[in-house]
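The block underneath contains the structure these notes are about, expressed in structure tokens.
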Amino acid sequence: MPIPTAVTFYDFILAVHIMAVVAAFGVTFAYPIMFTIAAKSQPSAIPLLHRIEYTLARRLINPLLVVITAAGIYLASDEHLWKEFFVQWGIAIVLVIGALLGAVMIPASKRAEELATRDLAGAAGAESATMSDEYKAVVRRITLVGSTLSGLVLLTILFMAIQP
């Protein structure tokens with residue numbers, strides 16, 4: 001296979017678009033594993049993990065959503081693809097992800113941090129910390145919405161990969 005001798009601006013923007021998706025959402029697929037390990041081996045780390053969760057949403061994912069959108073707009077405009085389903089889907093999903101991060105994920109992660117800190121402080125000296133029903137309900141919400149968002153990201157990647 002020949003090695004390309006020149007990279008077009010379109011190719012560069014496509015690479016930026018893909019890198020932004022990987023950087024924004026890659027870590028989110030590891031959250032369930034990180035929380036499971038922390039809950040079993042070091043429950044005192046759970047509040048910190050929630051802080052990391054909402055900080056990454058604010059400082060990494062949200063700014064990269066802007067990059068993903070800007071690059072996507074350029075790509076769709078350059079190739080005149082605005083009528084294509086995968087372009088319209090992509091724009092809609094970016095809006096849905098941004099809205100759910102701001103309305104659900106970030107506030108719920110902050111609340112989970114507060115509740116975990118409270119529950120762990122109340123269990124000081126106990127053999128094992130038992131998290132409150134209130135904490136568990138918030139975590140269920142985070143898990144449900146987070147899993148939905150992860151599924152949407154994967155579905156969007158599939159649509160982009162199989163587009164005509």
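Identifiers for the structure tokens are assigned positionally: chains receive A, B, ... in sequence, residues are indexed from 1 per chain, and ligands are indexed from 1 in the order shown.
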- [ ] Write out as number ranges by chain which residues come within 7 Å of Tyr135 of chain A when counting only C-alpha atoms, dropping same-chain ones fewer than 4 positions away.
- [x] A: 112, 115-116, 131, 139
Would you mind listing what lies within 8 Å of Asp119 of chain A as an mmCIF file with N, CA and C atoms, in the first residue's frame, with only C-alpha atoms counted and same-chain residues fewer than 2 positions away left out?
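Heads up, here's the output in part.cif:
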data_model
loop_
_atom_site.group_PDB
_atom_site.id
_atom_site.type_symbol
_atom_site.label_atom_id
_atom_site.label_comp_id
_atom_site.auth_asym_id
_atom_site.auth_seq_id
_atom_site.Cartn_x
_atom_site.Cartn_y
_atom_site.Cartn_z
ATOM 1 N N LEU A 115 -22.691 12.718 48.915
ATOM 2 C CA LEU A 115 -23.330 11.614 49.644
ATOM 3 C C LEU A 115 -22.323 10.546 50.043
ATOM 4 N N ALA A 116 -21.396 10.224 49.151
ATOM 5 C CA ALA A 116 -20.374 9.223 49.472
ATOM 6 C C ALA A 116 -19.496 9.720 50.617
ATOM 7 N N THR A 117 -19.137 10.987 50.588
ATOM 8 C CA THR A 117 -18.325 11.558 51.661
ATOM 9 C C THR A 117 -19.079 11.466 52.982
ATOM 10 N N ALA A 121 -18.041 8.998 56.091
ATOM 11 C CA ALA A 121 -17.726 9.624 57.382
ATOM 12 C C ALA A 121 -18.589 9.012 58.481
ATOM 13 N N GLY A 122 -19.831 8.703 58.155
ATOM 14 C CA GLY A 122 -20.734 8.090 59.135
ATOM 15 C C GLY A 122 -20.356 6.665 59.460
ATOM 16 N N ALA A 123 -19.592 6.033 58.594
ATOM 17 C CA ALA A 123 -19.201 4.637 58.799
ATOM 18 C C ALA A 123 -17.787 4.521 59.360
ATOM 19 N N ALA A 129 -18.034 0.027 54.842
ATOM 20 C CA ALA A 129 -18.978 1.130 54.709
ATOM 21 C C ALA A 129 -20.189 0.669 53.912
ATOM 22 N N THR A 130 -21.358 1.029 54.387
ATOM 23 C CA THR A 130 -22.590 0.768 53.661
ATOM 24 C C THR A 130 -23.098 2.104 53.151
ATOM 25 N N MET A 131 -23.241 2.177 51.852
ATOM 26 C CA MET A 131 -23.693 3.429 51.254
ATOM 27 C C MET A 131 -25.211 3.530 51.399
ATOM 28 N N SER A 132 -25.676 4.752 51.563
ATOM 29 C CA SER A 132 -27.101 5.003 51.780
ATOM 30 C C SER A 132 -27.921 4.714 50.522
#
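With only C-alpha atoms taken into account, the protein and nucleic acid residues at most 12 Å from Val96 of chain A (excluding it and anything under 6 positions from it in its own chain) are Asn62, Leu65, Trp89, Gly90, Gly102, Ala103, Val104, Met105, Val145, Thr148, Leu149, Ser150, Leu152 and Val153 of chain A.
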- [ ] Give the answer as one residue: which of A:Ala30, A:Leu95, A:Val22, A:Val138 has the shortest atom-to-atom distance to Arg111 of chain A, using only C-alpha atoms?
- [x]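 Smallest distance to Arg111 of chain A is found for A:Val138.
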- [ ] Find the distance between atom CA of Leu155 of chain A and atom CA of Phe85 of chain A and write it in Å to one decimal.
- [x]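 Between these atoms lies a distance of 12.9 Å.
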I'd like the neighbourhood of Thr28 of chain A as a tab-separated table (two decimals) with N, CA, C and O atoms, in the first residue's frame, where a residue qualifies if any of its atoms comes within 12 Å (using only C-alpha atoms), though same-chain residues fewer than 2 positions away should be ignored.
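Okay, this is what ended up in result02.tsv:
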chain	number	residue	atom	x	y	z
A	21	VAL	N	-13.00	12.73	19.64
A	21	VAL	CA	-13.96	11.73	20.11
A	21	VAL	C	-13.27	10.74	21.05
A	21	VAL	O	-13.78	10.43	22.14
A	22	VAL	N	-12.11	10.25	20.66
A	22	VAL	CA	-11.37	9.30	21.49
A	22	VAL	C	-10.99	9.93	22.83
A	22	VAL	O	-11.19	9.34	23.90
A	23	ALA	N	-10.46	11.15	22.78
A	23	ALA	CA	-10.03	11.83	24.01
A	23	ALA	C	-11.22	12.15	24.92
A	23	ALA	O	-11.11	12.05	26.15
A	24	ALA	N	-12.34	12.53	24.35
A	24	ALA	CA	-13.50	12.91	25.15
A	24	ALA	C	-14.17	11.72	25.81
A	24	ALA	O	-14.53	11.78	26.99
A	25	PHE	N	-14.33	10.65	25.07
A	25	PHE	CA	-15.17	9.57	25.57
A	25	PHE	C	-14.44	8.30	25.97
A	25	PHE	O	-15.02	7.43	26.61
A	26	GLY	N	-13.17	8.18	25.62
A	26	GLY	CA	-12.44	6.96	25.95
A	26	GLY	C	-12.47	6.62	27.42
A	26	GLY	O	-12.80	5.49	27.80
A	30	ALA	N	-14.19	3.41	30.98
A	30	ALA	CA	-13.45	2.80	32.10
A	30	ALA	C	-14.08	3.11	33.45
A	30	ALA	O	-13.74	2.46	34.44
A	31	TYR	N	-14.98	4.08	33.52
A	31	TYR	CA	-15.58	4.44	34.82
A	31	TYR	C	-16.15	3.25	35.58
A	31	TYR	O	-15.90	3.11	36.78
A	32	PRO	N	-16.95	2.39	34.96
A	32	PRO	CA	-17.52	1.27	35.74
A	32	PRO	C	-16.44	0.38	36.37
A	32	PRO	O	-16.60	-0.07	37.51
A	33	ILE	N	-15.35	0.15	35.65
A	33	ILE	CA	-14.27	-0.67	36.19
A	33	ILE	C	-13.59	0.04	37.35
A	33	ILE	O	-13.33	-0.56	38.40
A	34	MET	N	-13.33	1.34	37.19
A	34	MET	CA	-12.67	2.10	38.26
A	34	MET	C	-13.51	2.12	39.53
A	34	MET	O	-12.99	1.91	40.63
A	35	PHE	N	-14.81	2.35	39.38
A	35	PHE	CA	-15.68	2.40	40.55
A	35	PHE	C	-15.82	1.04	41.22
A	35	PHE	O	-15.88	0.94	42.44
A	49	LEU	N	-13.29	9.71	43.06
A	49	LEU	CA	-13.64	9.26	41.71
A	49	LEU	C	-14.83	10.05	41.16
A	49	LEU	O	-14.85	10.38	39.97
A	52	ILE	N	-13.47	13.37	40.09
A	52	ILE	CA	-12.78	13.20	38.80
A	52	ILE	C	-13.80	13.10	37.67
A	52	ILE	O	-13.64	13.72	36.62
A	53	GLU	N	-14.87	12.36	37.91
A	53	GLU	CA	-15.92	12.15	36.92
A	53	GLU	C	-16.52	13.48	36.45
A	53	GLU	O	-16.60	13.76	35.25
A	54	TYR	N	-16.93	14.33	37.40
A	54	TYR	CA	-17.56	15.59	36.96
A	54	TYR	C	-16.55	16.62	36.50
A	54	TYR	O	-16.84	17.46	35.64
A	56	LEU	N	-13.78	15.88	34.77
A	56	LEU	CA	-13.49	15.51	33.38
A	56	LEU	C	-14.63	15.91	32.46
A	56	LEU	O	-14.40	16.34	31.33
A	57	ALA	N	-15.86	15.77	32.93
A	57	ALA	CA	-17.00	16.19	32.11
A	57	ALA	C	-16.93	17.68	31.80
A	57	ALA	O	-17.14	18.10	30.65
A	60	LEU	N	-12.85	18.44	30.19
A	60	LEU	CA	-12.36	17.67	29.06
A	60	LEU	C	-13.48	17.41	28.04
A	60	LEU	O	-13.38	17.81	26.89
A	61	ILE	N	-14.54	16.76	28.48
A	61	ILE	CA	-15.59	16.35	27.53
A	61	ILE	C	-16.30	17.55	26.93
A	61	ILE	O	-16.45	17.64	25.70
A	105	MET	N	-25.54	14.52	34.41
A	105	MET	CA	-24.30	13.86	34.82
A	105	MET	C	-23.45	14.69	35.79
A	105	MET	O	-23.01	14.17	36.82
A	142	ILE	N	-26.74	7.99	37.48
A	142	ILE	CA	-25.49	8.20	36.75
A	142	ILE	C	-25.21	7.02	35.83
A	142	ILE	O	-24.83	7.19	34.67
A	143	THR	N	-25.40	5.81	36.34
A	143	THR	CA	-25.13	4.60	35.57
A	143	THR	C	-26.06	4.49	34.37
A	143	THR	O	-25.63	4.18	33.25
A	145	VAL	N	-27.85	6.94	32.81
A	145	VAL	CA	-27.60	7.99	31.81
A	145	VAL	C	-26.23	7.80	31.18
A	145	VAL	O	-26.08	7.92	29.95
A	146	GLY	N	-25.22	7.46	31.98
A	146	GLY	CA	-23.89	7.24	31.44
A	146	GLY	C	-23.85	6.09	30.45
A	146	GLY	O	-23.20	6.18	29.39
A	147	SER	N	-24.54	5.00	30.76
A	147	SER	CA	-24.60	3.86	29.84
A	147	SER	C	-25.32	4.24	28.55
A	147	SER	O	-24.91	3.83	27.45
A	148	THR	N	-26.37	5.02	28.68
A	148	THR	CA	-27.09	5.49	27.50
A	148	THR	C	-26.19	6.36	26.63
A	148	THR	O	-26.14	6.20	25.40
A	149	LEU	N	-25.46	7.27	27.26
A	149	LEU	CA	-24.55	8.14	26.51
A	149	LEU	C	-23.45	7.32	25.83
A	149	LEU	O	-23.12	7.57	24.67
A	150	SER	N	-22.91	6.34	26.54
A	150	SER	CA	-21.88	5.49	25.94
A	150	SER	C	-22.43	4.73	24.73
A	150	SER	O	-21.77	4.63	23.70
A	151	GLY	N	-23.64	4.23	24.87
A	151	GLY	CA	-24.28	3.55	23.75
A	151	GLY	C	-24.49	4.48	22.57
A	151	GLY	O	-24.28	4.08	21.41
A	153	VAL	N	-22.69	7.12	21.85
A	153	VAL	CA	-21.37	7.38	21.26
A	153	VAL	C	-20.99	6.24	20.33
A	153	VAL	O	-20.55	6.45	19.19
A	154	LEU	N	-21.15	5.00	20.81
A	154	LEU	CA	-20.80	3.84	19.97
A	154	LEU	C	-21.68	3.76	18.72
A	154	LEU	O	-21.18	3.48	17.62
TODO: May I have all residues of chain A that DSSP, computed from the backbone, assigns to helix (DSSP H, G or I), given as JSON, numbers by chain?
DONE: {"A": [9, 10, 11, 12, 13, 14, 15, 16, 17, 18, 19, 20, 21, 22, 23, 24, 25, 27, 28, 29, 31, 32, 33, 34, 35, 36, 37, 38, 39, 40, 41, 43, 44, 45, 46, 47, 48, 49, 50, 51, 52, 53, 54, 55, 56, 57, 58, 59, 60, 61, 62, 63, 64, 65, 66, 67, 68, 69, 70, 71, 72, 73, 74, 75, 76, 77, 78, 85, 86, 87, 88, 89, 90, 91, 92, 93, 94, 95, 96, 97, 98, 99, 100, 101, 102, 103, 104, 105, 106, 107, 108, 109, 110, 111, 112, 113, 114, 115, 116, 117, 118, 119, 120, 121, 122, 133, 134, 135, 136, 137, 138, 139, 140, 141, 142, 143, 144, 145, 146, 147, 148, 149, 150, 151, 152, 153, 154, 155, 156, 157, 158, 159, 160, 161]}
TODO: Work out how far apart atom CA of Leu120 of chain A and atom CA of Gln42 of chain A are and give it in Å to one decimal.
DONE: 11.1 Å
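Each of A:Ala38, A:Leu81, A:Val27, A:Val16 was compared to Pro164 of chain A using only C-alpha atoms, and A:Leu81 turns out to be the nearest.
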